[in-house]
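K.L.:
File name coords38.tsv; file contents TSV, C-alpha atoms; full text below.
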```tsv
chain	number	residue	atom	x	y	z
A	19	MET	CA	-10.69	-56.13	-157.03
A	20	ALA	CA	-8.55	-59.20	-157.43
A	21	GLU	CA	-6.82	-59.73	-160.75
A	22	GLU	CA	-6.73	-63.52	-160.76
A	23	HIS	CA	-9.42	-66.17	-161.30
A	24	ARG	CA	-12.17	-63.58	-161.44
A	25	PRO	CA	-15.30	-65.03	-163.10
A	26	GLU	CA	-17.58	-62.93	-165.22
A	27	LYS	CA	-20.61	-61.45	-163.51
A	28	VAL	CA	-23.66	-63.63	-163.87
A	29	GLY	CA	-27.34	-62.74	-163.57
A	30	ALA	CA	-29.57	-63.49	-160.61
A	31	ALA	CA	-31.21	-66.75	-159.77
A	32	GLU	CA	-34.69	-67.03	-158.38
A	33	ALA	CA	-35.49	-67.92	-154.90
A	34	ALA	CA	-37.39	-70.35	-151.57
A	35	SER	CA	-38.72	-75.29	-150.31
A	36	GLY	CA	-37.42	-77.68	-147.23
A	37	PHE	CA	-34.82	-80.16	-146.09
A	38	SER	CA	-35.55	-83.83	-146.61
A	39	SER	CA	-33.13	-86.42	-145.31
A	40	GLY	CA	-30.20	-85.67	-147.53
A	41	ARG	CA	-31.89	-86.67	-150.74
A	42	ALA	CA	-31.47	-84.38	-153.70
A	43	THR	CA	-34.61	-82.50	-154.73
A	44	LYS	CA	-35.39	-81.00	-158.12
A	45	LYS	CA	-33.11	-82.05	-160.95
A	46	ASN	CA	-31.14	-84.27	-158.58
A	47	LYS	CA	-29.59	-81.31	-156.75
A	48	PRO	CA	-27.35	-82.16	-153.79
A	49	PRO	CA	-28.53	-81.26	-150.28
A	50	VAL	CA	-27.19	-78.03	-148.79
A	51	ILE	CA	-25.75	-77.51	-145.31
A	52	MET	CA	-25.47	-73.87	-144.22
A	53	ILE	CA	-22.97	-73.28	-141.40
A	54	HIS	CA	-23.37	-70.13	-139.34
A	55	GLY	CA	-20.57	-68.01	-137.94
A	56	ALA	CA	-19.36	-67.13	-134.46
A	57	PHE	CA	-21.88	-65.68	-131.99
A	58	CYS	CA	-24.73	-66.68	-134.33
A	59	GLY	CA	-27.21	-69.48	-134.92
A	60	PRO	CA	-29.33	-71.05	-137.67
A	61	TRP	CA	-31.51	-67.92	-137.74
A	62	ALA	CA	-28.71	-66.12	-139.63
A	63	TRP	CA	-29.62	-68.18	-142.71
A	64	GLU	CA	-33.34	-67.39	-142.85
A	65	GLY	CA	-33.14	-65.40	-146.08
A	66	PHE	CA	-30.53	-67.58	-147.77
A	67	ALA	CA	-32.27	-70.84	-146.85
A	68	ALA	CA	-35.60	-69.62	-148.24
A	69	ARG	CA	-33.98	-68.55	-151.50
A	70	PHE	CA	-32.09	-71.83	-151.92
A	71	ARG	CA	-35.24	-73.84	-151.20
A	72	ALA	CA	-37.13	-71.88	-153.81
A	73	ALA	CA	-34.38	-72.85	-156.25
A	74	GLY	CA	-35.05	-76.53	-155.52
A	75	TYR	CA	-32.45	-77.34	-152.88
A	76	ALA	CA	-33.06	-79.24	-149.66
A	77	VAL	CA	-31.42	-77.12	-146.94
A	78	GLU	CA	-30.21	-77.93	-143.43
A	79	THR	CA	-29.17	-75.12	-141.05
A	80	PRO	CA	-27.65	-76.84	-138.00
A	81	ALA	CA	-26.77	-75.02	-134.79
A	82	LEU	CA	-23.16	-75.41	-133.73
A	83	ARG	CA	-22.55	-77.11	-130.39
A	84	HIS	CA	-23.91	-75.09	-127.40
A	85	HIS	CA	-25.16	-72.25	-129.64
A	86	GLY	CA	-28.64	-71.53	-128.42
A	87	LYS	CA	-28.53	-72.82	-124.85
A	88	SER	CA	-26.15	-71.50	-122.22
A	89	ASP	CA	-23.65	-74.20	-121.24
A	90	PRO	CA	-20.37	-73.76	-119.32
A	91	ALA	CA	-18.79	-76.37	-121.62
A	92	LEU	CA	-18.89	-73.85	-124.47
A	93	ALA	CA	-15.77	-72.14	-123.10
A	94	THR	CA	-13.44	-74.91	-124.21
A	95	VAL	CA	-15.20	-76.17	-127.32
A	96	SER	CA	-12.72	-76.39	-130.19
A	97	LEU	CA	-13.18	-75.78	-133.89
A	98	THR	CA	-12.52	-79.50	-134.25
A	99	ASP	CA	-15.54	-80.23	-132.03
A	100	TYR	CA	-17.78	-78.17	-134.31
A	101	VAL	CA	-16.35	-80.03	-137.29
A	102	ALA	CA	-16.87	-83.45	-135.68
A	103	ASP	CA	-20.56	-82.68	-135.15
A	104	LEU	CA	-20.94	-81.53	-138.74
A	105	GLU	CA	-19.12	-84.63	-139.99
A	106	ASP	CA	-21.79	-86.73	-138.29
A	107	LEU	CA	-24.47	-84.76	-140.12
A	108	ILE	CA	-22.73	-85.27	-143.47
A	109	ALA	CA	-22.34	-88.99	-142.75
A	110	SER	CA	-26.11	-89.26	-142.30
A	111	LEU	CA	-26.78	-87.97	-145.82
A	112	LYS	CA	-27.10	-90.14	-148.90
A	113	THR	CA	-25.47	-87.59	-151.20
A	114	PRO	CA	-22.33	-85.45	-150.74
A	115	PRO	CA	-23.66	-82.01	-149.80
A	116	ILE	CA	-22.99	-78.47	-150.87
A	117	LEU	CA	-21.57	-76.50	-147.93
A	118	VAL	CA	-22.35	-72.82	-147.47
A	119	GLY	CA	-20.46	-71.14	-144.64
A	120	HIS	CA	-20.27	-67.60	-143.31
A	121	SER	CA	-17.27	-66.20	-141.43
A	122	MET	CA	-16.21	-68.89	-138.91
A	123	GLY	CA	-18.67	-71.17	-140.72
A	124	GLY	CA	-16.63	-70.62	-143.87
A	125	LEU	CA	-13.53	-71.90	-142.08
A	126	LEU	CA	-15.46	-74.91	-140.76
A	127	ALA	CA	-16.62	-75.63	-144.31
A	128	GLN	CA	-13.01	-75.70	-145.52
A	129	MET	CA	-12.03	-78.03	-142.67
A	130	LEU	CA	-14.96	-80.31	-143.49
A	131	ALA	CA	-14.14	-80.37	-147.19
A	132	ALA	CA	-10.73	-81.84	-146.32
A	133	ARG	CA	-12.34	-84.56	-144.22
A	134	ARG	CA	-15.49	-85.52	-146.10
A	135	LYS	CA	-16.57	-85.77	-149.71
A	136	ILE	CA	-18.64	-82.74	-150.69
A	137	ALA	CA	-20.19	-81.52	-153.95
A	138	ALA	CA	-19.07	-77.89	-153.64
A	139	ALA	CA	-18.58	-75.12	-151.09
A	140	ILE	CA	-19.60	-71.47	-151.01
A	141	LEU	CA	-17.58	-69.45	-148.52
A	142	LEU	CA	-18.99	-66.06	-147.53
A	143	ALA	CA	-16.48	-63.70	-145.88
A	144	PRO	CA	-14.72	-66.82	-144.57
A	145	THR	CA	-12.17	-66.89	-141.80
A	146	ALA	CA	-8.85	-68.04	-143.25
A	147	PRO	CA	-7.34	-71.36	-142.19
A	148	TRP	CA	-4.13	-71.88	-140.22
A	149	GLY	CA	-1.08	-70.35	-141.83
A	150	VAL	CA	-2.76	-67.55	-143.80
A	151	PRO	CA	-1.44	-64.22	-142.45
A	152	PRO	CA	-3.59	-61.11	-142.14
A	153	THR	CA	-3.39	-58.41	-144.78
A	154	THR	CA	-4.56	-55.37	-142.78
A	155	LEU	CA	-3.51	-53.47	-139.67
A	156	PHE	CA	-7.10	-53.72	-138.43
A	157	GLU	CA	-6.88	-57.53	-138.28
A	158	MET	CA	-3.59	-57.34	-136.40
A	159	ALA	CA	-4.90	-54.75	-133.95
A	160	ALA	CA	-8.07	-56.78	-133.31
A	161	ALA	CA	-5.97	-59.85	-132.51
A	162	GLN	CA	-3.73	-57.88	-130.16
A	163	SER	CA	-6.66	-56.27	-128.34
A	164	LEU	CA	-8.15	-59.69	-127.67
A	165	MET	CA	-4.92	-60.70	-125.89
A	166	LEU	CA	-5.57	-57.95	-123.34
A	167	HIS	CA	-8.35	-60.18	-121.99
A	168	VAL	CA	-6.07	-62.65	-120.27
A	169	GLY	CA	-7.53	-66.13	-120.18
A	170	PHE	CA	-10.10	-65.51	-122.91
A	171	TRP	CA	-9.04	-68.78	-124.54
A	172	SER	CA	-10.69	-70.78	-121.76
A	173	ALA	CA	-13.72	-68.55	-121.18
A	174	ILE	CA	-17.13	-68.01	-122.70
A	175	LEU	CA	-17.06	-64.83	-124.79
A	176	GLU	CA	-20.16	-62.66	-124.69
A	177	PRO	CA	-21.15	-60.77	-127.85
A	178	ASP	CA	-20.23	-57.07	-127.81
A	179	PHE	CA	-22.75	-54.71	-129.39
A	180	ASP	CA	-20.28	-51.92	-130.13
A	181	ILE	CA	-17.95	-54.29	-132.01
A	182	ALA	CA	-20.78	-55.97	-133.91
A	183	ALA	CA	-22.44	-52.67	-134.81
A	184	ALA	CA	-19.20	-51.10	-136.02
A	185	HIS	CA	-17.68	-53.98	-137.94
A	186	SER	CA	-20.27	-56.62	-138.81
A	187	LEU	CA	-23.71	-55.01	-138.86
A	188	ASP	CA	-22.41	-51.60	-139.92
A	189	ARG	CA	-24.44	-51.35	-143.15
A	190	LEU	CA	-27.75	-51.96	-141.41
A	191	PRO	CA	-30.09	-49.28	-140.05
A	192	ALA	CA	-29.67	-48.74	-136.29
A	193	ALA	CA	-32.97	-50.41	-135.39
A	194	ARG	CA	-32.16	-53.45	-137.50
A	195	ARG	CA	-28.70	-53.73	-135.92
A	196	ALA	CA	-30.25	-53.90	-132.47
A	197	GLU	CA	-32.82	-56.44	-133.64
A	198	ILE	CA	-30.18	-58.78	-135.08
A	199	PHE	CA	-27.75	-58.33	-132.20
A	200	ALA	CA	-30.49	-59.38	-129.77
A	201	ARG	CA	-30.27	-62.83	-131.39
A	202	PHE	CA	-26.50	-63.16	-130.97
A	203	VAL	CA	-25.25	-65.82	-128.54
A	204	PRO	CA	-21.99	-66.40	-126.63
A	205	GLU	CA	-19.00	-67.99	-128.34
A	206	SER	CA	-16.20	-70.36	-127.35
A	207	GLY	CA	-13.02	-68.64	-126.21
A	208	ARG	CA	-11.01	-71.63	-127.33
A	209	ALA	CA	-12.44	-71.66	-130.85
A	210	THR	CA	-11.86	-67.91	-131.08
A	211	PHE	CA	-8.23	-68.35	-130.01
A	212	GLU	CA	-7.76	-71.10	-132.60
A	213	MET	CA	-9.01	-68.79	-135.36
A	214	ILE	CA	-7.44	-65.47	-134.45
A	215	HIS	CA	-4.22	-66.60	-132.79
A	216	TRP	CA	-3.53	-69.65	-134.92
A	217	GLY	CA	0.21	-68.96	-134.73
A	218	LEU	CA	0.13	-69.74	-131.00
A	219	ASP	CA	-2.06	-72.82	-131.36
A	220	MET	CA	0.23	-75.82	-131.09
A	221	ARG	CA	-2.64	-78.12	-132.07
A	222	ARG	CA	-3.16	-76.26	-135.35
A	223	ALA	CA	-6.90	-76.75	-134.94
A	224	SER	CA	-7.75	-74.52	-137.92
A	225	GLU	CA	-5.32	-76.21	-140.30
A	226	VAL	CA	-6.75	-77.45	-143.61
A	227	ASP	CA	-5.03	-80.05	-145.78
A	228	VAL	CA	-5.84	-78.34	-149.05
A	229	ARG	CA	-4.48	-81.29	-151.05
A	230	LYS	CA	-7.45	-83.37	-149.95
A	231	ILE	CA	-10.07	-80.97	-151.32
A	232	GLU	CA	-11.23	-81.75	-154.83
A	233	ALA	CA	-14.60	-79.97	-154.85
A	234	PRO	CA	-15.02	-76.54	-156.46
A	235	LEU	CA	-15.02	-73.59	-154.06
A	236	LEU	CA	-16.48	-70.10	-154.38
A	237	PHE	CA	-15.00	-67.41	-152.11
A	238	LEU	CA	-17.07	-64.22	-151.78
A	239	ALA	CA	-15.71	-61.25	-149.84
A	240	GLY	CA	-17.30	-57.93	-148.96
A	241	GLY	CA	-15.33	-55.09	-150.48
A	242	ALA	CA	-15.66	-53.08	-147.25
A	243	ASP	CA	-15.27	-56.00	-144.82
A	244	ARG	CA	-12.81	-55.23	-142.01
A	245	ILE	CA	-13.21	-58.52	-140.11
A	246	ASN	CA	-12.23	-60.82	-142.98
A	247	PRO	CA	-11.07	-58.31	-145.62
A	248	PRO	CA	-10.85	-59.14	-149.33
A	249	GLY	CA	-7.05	-59.39	-149.34
A	250	THR	CA	-7.02	-62.05	-146.64
A	251	VAL	CA	-9.93	-63.97	-148.19
A	252	GLU	CA	-8.12	-63.94	-151.53
A	253	ARG	CA	-4.97	-65.31	-149.89
A	254	ALA	CA	-7.05	-68.20	-148.54
A	255	ALA	CA	-8.62	-68.80	-151.96
A	256	ARG	CA	-5.21	-69.00	-153.61
A	257	LEU	CA	-4.36	-72.04	-151.47
A	258	TYR	CA	-6.77	-74.05	-153.62
A	259	LYS	CA	-5.41	-72.87	-156.99
A	260	ASP	CA	-7.78	-73.61	-159.88
A	261	ARG	CA	-10.33	-75.31	-157.61
A	262	ALA	CA	-11.36	-71.93	-156.20
A	263	GLN	CA	-12.97	-68.79	-157.58
A	264	PHE	CA	-12.63	-65.54	-155.67
A	265	GLU	CA	-14.95	-62.56	-156.05
A	266	ILE	CA	-15.52	-59.28	-154.29
A	267	MET	CA	-19.00	-57.96	-153.58
A	268	PRO	CA	-18.40	-54.21	-154.00
A	269	GLY	CA	-19.41	-51.97	-151.10
A	270	MET	CA	-20.53	-54.84	-148.88
A	271	SER	CA	-19.28	-55.45	-145.36
A	272	HIS	CA	-19.09	-58.62	-143.24
A	273	TRP	CA	-22.78	-59.50	-142.77
A	274	LEU	CA	-23.17	-60.93	-146.28
A	275	VAL	CA	-26.03	-63.13	-145.07
A	276	GLY	CA	-28.33	-60.23	-144.24
A	277	GLU	CA	-27.06	-56.71	-144.91
A	278	PRO	CA	-28.47	-54.65	-147.79
A	279	GLY	CA	-27.60	-56.47	-151.00
A	280	TRP	CA	-27.56	-59.96	-149.47
A	281	GLU	CA	-29.97	-61.11	-152.19
A	282	ALA	CA	-27.29	-60.47	-154.83
A	283	VAL	CA	-24.81	-62.53	-152.81
A	284	CYS	CA	-27.31	-65.37	-152.60
A	285	ASP	CA	-28.20	-65.17	-156.27
A	286	ARG	CA	-24.52	-65.16	-157.25
A	287	SER	CA	-24.08	-68.31	-155.18
A	288	LEU	CA	-27.00	-69.98	-156.97
A	289	THR	CA	-25.83	-69.03	-160.45
A	290	TRP	CA	-22.35	-70.32	-159.65
A	291	LEU	CA	-23.84	-73.66	-158.60
A	292	ASP	CA	-25.85	-73.74	-161.82
A	293	SER	CA	-22.61	-73.30	-163.77
A	294	LEU	CA	-20.91	-76.37	-162.30
```
Could you render the structure from this file as structure tokens?
P.N.:
Amino acid sequence: MAEEHRPEKVGAAEAASGFSSGRATKKNKPPVIMIHGAFCGPWAWEGFAARFRAAGYAVETPALRHHGKSDPALATVSLTDYVADLEDLIASLKTPPILVGHSMGGLLAQMLAARRKIAAAILLAPTAPWGVPPTTLFEMAAAQSLMLHVGFWSAILEPDFDIAAAHSLDRLPAARRAEIFARFVPESGRATFEMIHWGLDMRRASEVDVRKIEAPLLFLAGGADRINPPGTVERAARLYKDRAQFEIMPGMSHWLVGEPGWEAVCDRSLTWLDSL
């Protein structure tokens, strides 16, 4: 567990309504945009979105560019392209939104927060921005193994069941793992390169100007997450000083949006928003 800026544990919030056009719903609550991670789609937010709607939030779950339909252009889509599309969505809203991002979506949320006015951001097992070094040998080994696939940075990457089952969906029953993996989609090699090998990215696509972010941020990490482990997530949170809170969800892995215990993650997110 991290020693610094650890909030006290708060009780659960109740849960599940629908997205209007960016207007706040009950009690003037800001709209919510939930940003999925790599190899995923809006379906990853089914449980979270229902629980947030029940709590009175209007929720949008956009699909990132080329996630859902096969398109050769996906190979060279950049993180900045995903962000540009999401900026357009934010610009269409009447109220600064709350961003909720998982994994790569958590990185995109940080990038967006530096570009657009937001109300708050909840970052679930987020990928760290440019300049934040890994804290585990597993992260380093994963990055090195990817380099064995020469040219991956300009190719479409297909989801790998063995990797997903071992490191993302590992706390799910076998049948449920297969069911969720069947919904995975290909990912951009370029965006993956920009996240994992940021030190080689001369464009610094994943860089975040933390000075421009004024909104409060909640970082939640799975205590057993190997993809974006707690130590690395905490390093990212520290960039934002007193604007960020960092917490560990004990025993949880990377799939905070749907593995056993996801309801507690969602409820913690809601109670944190209530405390602002």
K.L.:
Could you build a table of the residues in segment 199-218 of chain A lying no more than 10 Å from segment 92-97 of chain A, giving for each the nearest pair of atoms and their separation in Å rounded to one decimal place, using all atoms listed in the file, ordered by chain and ascending residue number, as a Markdown table?
P.N.:
```
| residue | atom | partner | partner_atom | distance |
| --- | --- | --- | --- | --- |
| A:Pro204 | CA | A:Leu92 | CA | 8.4 |
| A:Glu205 | CA | A:Leu92 | CA | 7.0 |
| A:Ser206 | CA | A:Ala93 | CA | 4.6 |
| A:Gly207 | CA | A:Ala93 | CA | 5.4 |
| A:Arg208 | CA | A:Thr94 | CA | 5.1 |
| A:Ala209 | CA | A:Ser96 | CA | 4.8 |
| A:Thr210 | CA | A:Leu97 | CA | 8.5 |
| A:Phe211 | CA | A:Ser96 | CA | 9.2 |
| A:Glu212 | CA | A:Leu97 | CA | 7.3 |
| A:Met213 | CA | A:Leu97 | CA | 8.3 |
```
K.L.:
Find the nearest atom pair between each residue of segment 67-158 of chain A and segment 270-278 of chain A for residues within 9 Å, count all atoms listed in the file, give distances in Å to one decimal, sort rows by chain and ascending number, and present the table as a Markdown table.
P.N.:
```
| residue | atom | partner | partner_atom | distance |
| --- | --- | --- | --- | --- |
| A:His120 | CA | A:Val275 | CA | 7.5 |
| A:Ser121 | CA | A:His272 | CA | 8.0 |
| A:Leu142 | CA | A:Leu274 | CA | 6.7 |
| A:Ala143 | CA | A:His272 | CA | 6.3 |
```
K.L.:
Show me, as number ranges by chain, the residues that have an atom within 8 Å of segment 131-140 of chain A when counting all atoms listed in the file, minus same-chain residues fewer than 2 positions from it.
P.N.:
A: 48, 105, 108, 114-119, 124, 127-129, 142, 226-231, 233-238, 287
K.L.:
To one decimal in Å, tell me the separation between atom CA of Pro177 of chain A and atom CA of Cys58 of chain A.
P.N.:
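Answer for the atom CA of Pro177 of chain A to atom CA of Cys58 of chain A separation: 9.5 Å.
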K.L.:
Using only C-alpha atoms, which protein or nucleic acid residues come within 10 Å of Asp103 of chain A? Drop anything in the same chain fewer than 2 positions from it, and give the result as a ChimeraX atom specification.
P.N.:
/A:80-83,98-101,105-108
K.L.:
Do you have the atom CA of Asp188 of chain A-atom CA of Leu164 of chain A distance handy?
P.N.:
20.5 Å
K.L.:
Find, counting only C-alpha atoms, the residue in A:Val283, A:Ile181, A:Val251, A:Ile198 that gets nearest to Ala62 of chain A.
P.N.:
A:Ile198
K.L.:
Mind pulling up the distance from atom CA of Pro60 of chain A to atom CA of Ala76 of chain A?
P.N.:
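These atoms are spaced 15.0 Å apart.
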K.L.:
Between A:Arg244, A:Ala161, A:Ala68, A:Ser88, which has the minimum distance to Glu176 of chain A (counting all atoms listed in the file)?
P.N.:
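For Glu176 of chain A, the nearest of the given residues is A:Ser88.
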K.L.:
Can you work out which one of A:Glu252, A:Glu64, A:Asp243, A:Asp180 has the shortest atom-to-atom distance to Pro147 of chain A, counting only C-alpha atoms?
P.N.:
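The shortest atom-to-atom distance to Pro147 of chain A comes from A:Glu252.
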K.L.:
So, with all atoms listed in the file as the atoms that count, which of A:Ala255, A:Leu130, A:Ala242, A:Ala223 lies closest to Pro144 of chain A?
P.N.:
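The closest residue to Pro144 of chain A is A:Ala255.
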K.L.:
Pick from A:Ala282, A:His84, A:Leu111, A:Arg201: nearest to Val50 of chain A, with all atoms listed in the file counted?
P.N.:
A:Leu111
K.L.:
Can you find the residues with an atom no farther than 9 Å from (-12.6, -55.2, -148.8), counting all atoms listed in the file, and report them as a list in words?
P.N.:
Met19, Ala239, Gly240, Gly241, Ala242, Asp243, Arg244, Asn246, Pro247, Pro248, Gly249, Ile266, Met267, Pro268, Gly269, Met270 and Ser271 of chain A
K.L.:
Considering all atoms listed in the file, can you say which of A:Ala91, A:Val150, A:Glu157, A:Asp285 comes closest to Ile174 of chain A?
P.N.:
A:Ala91
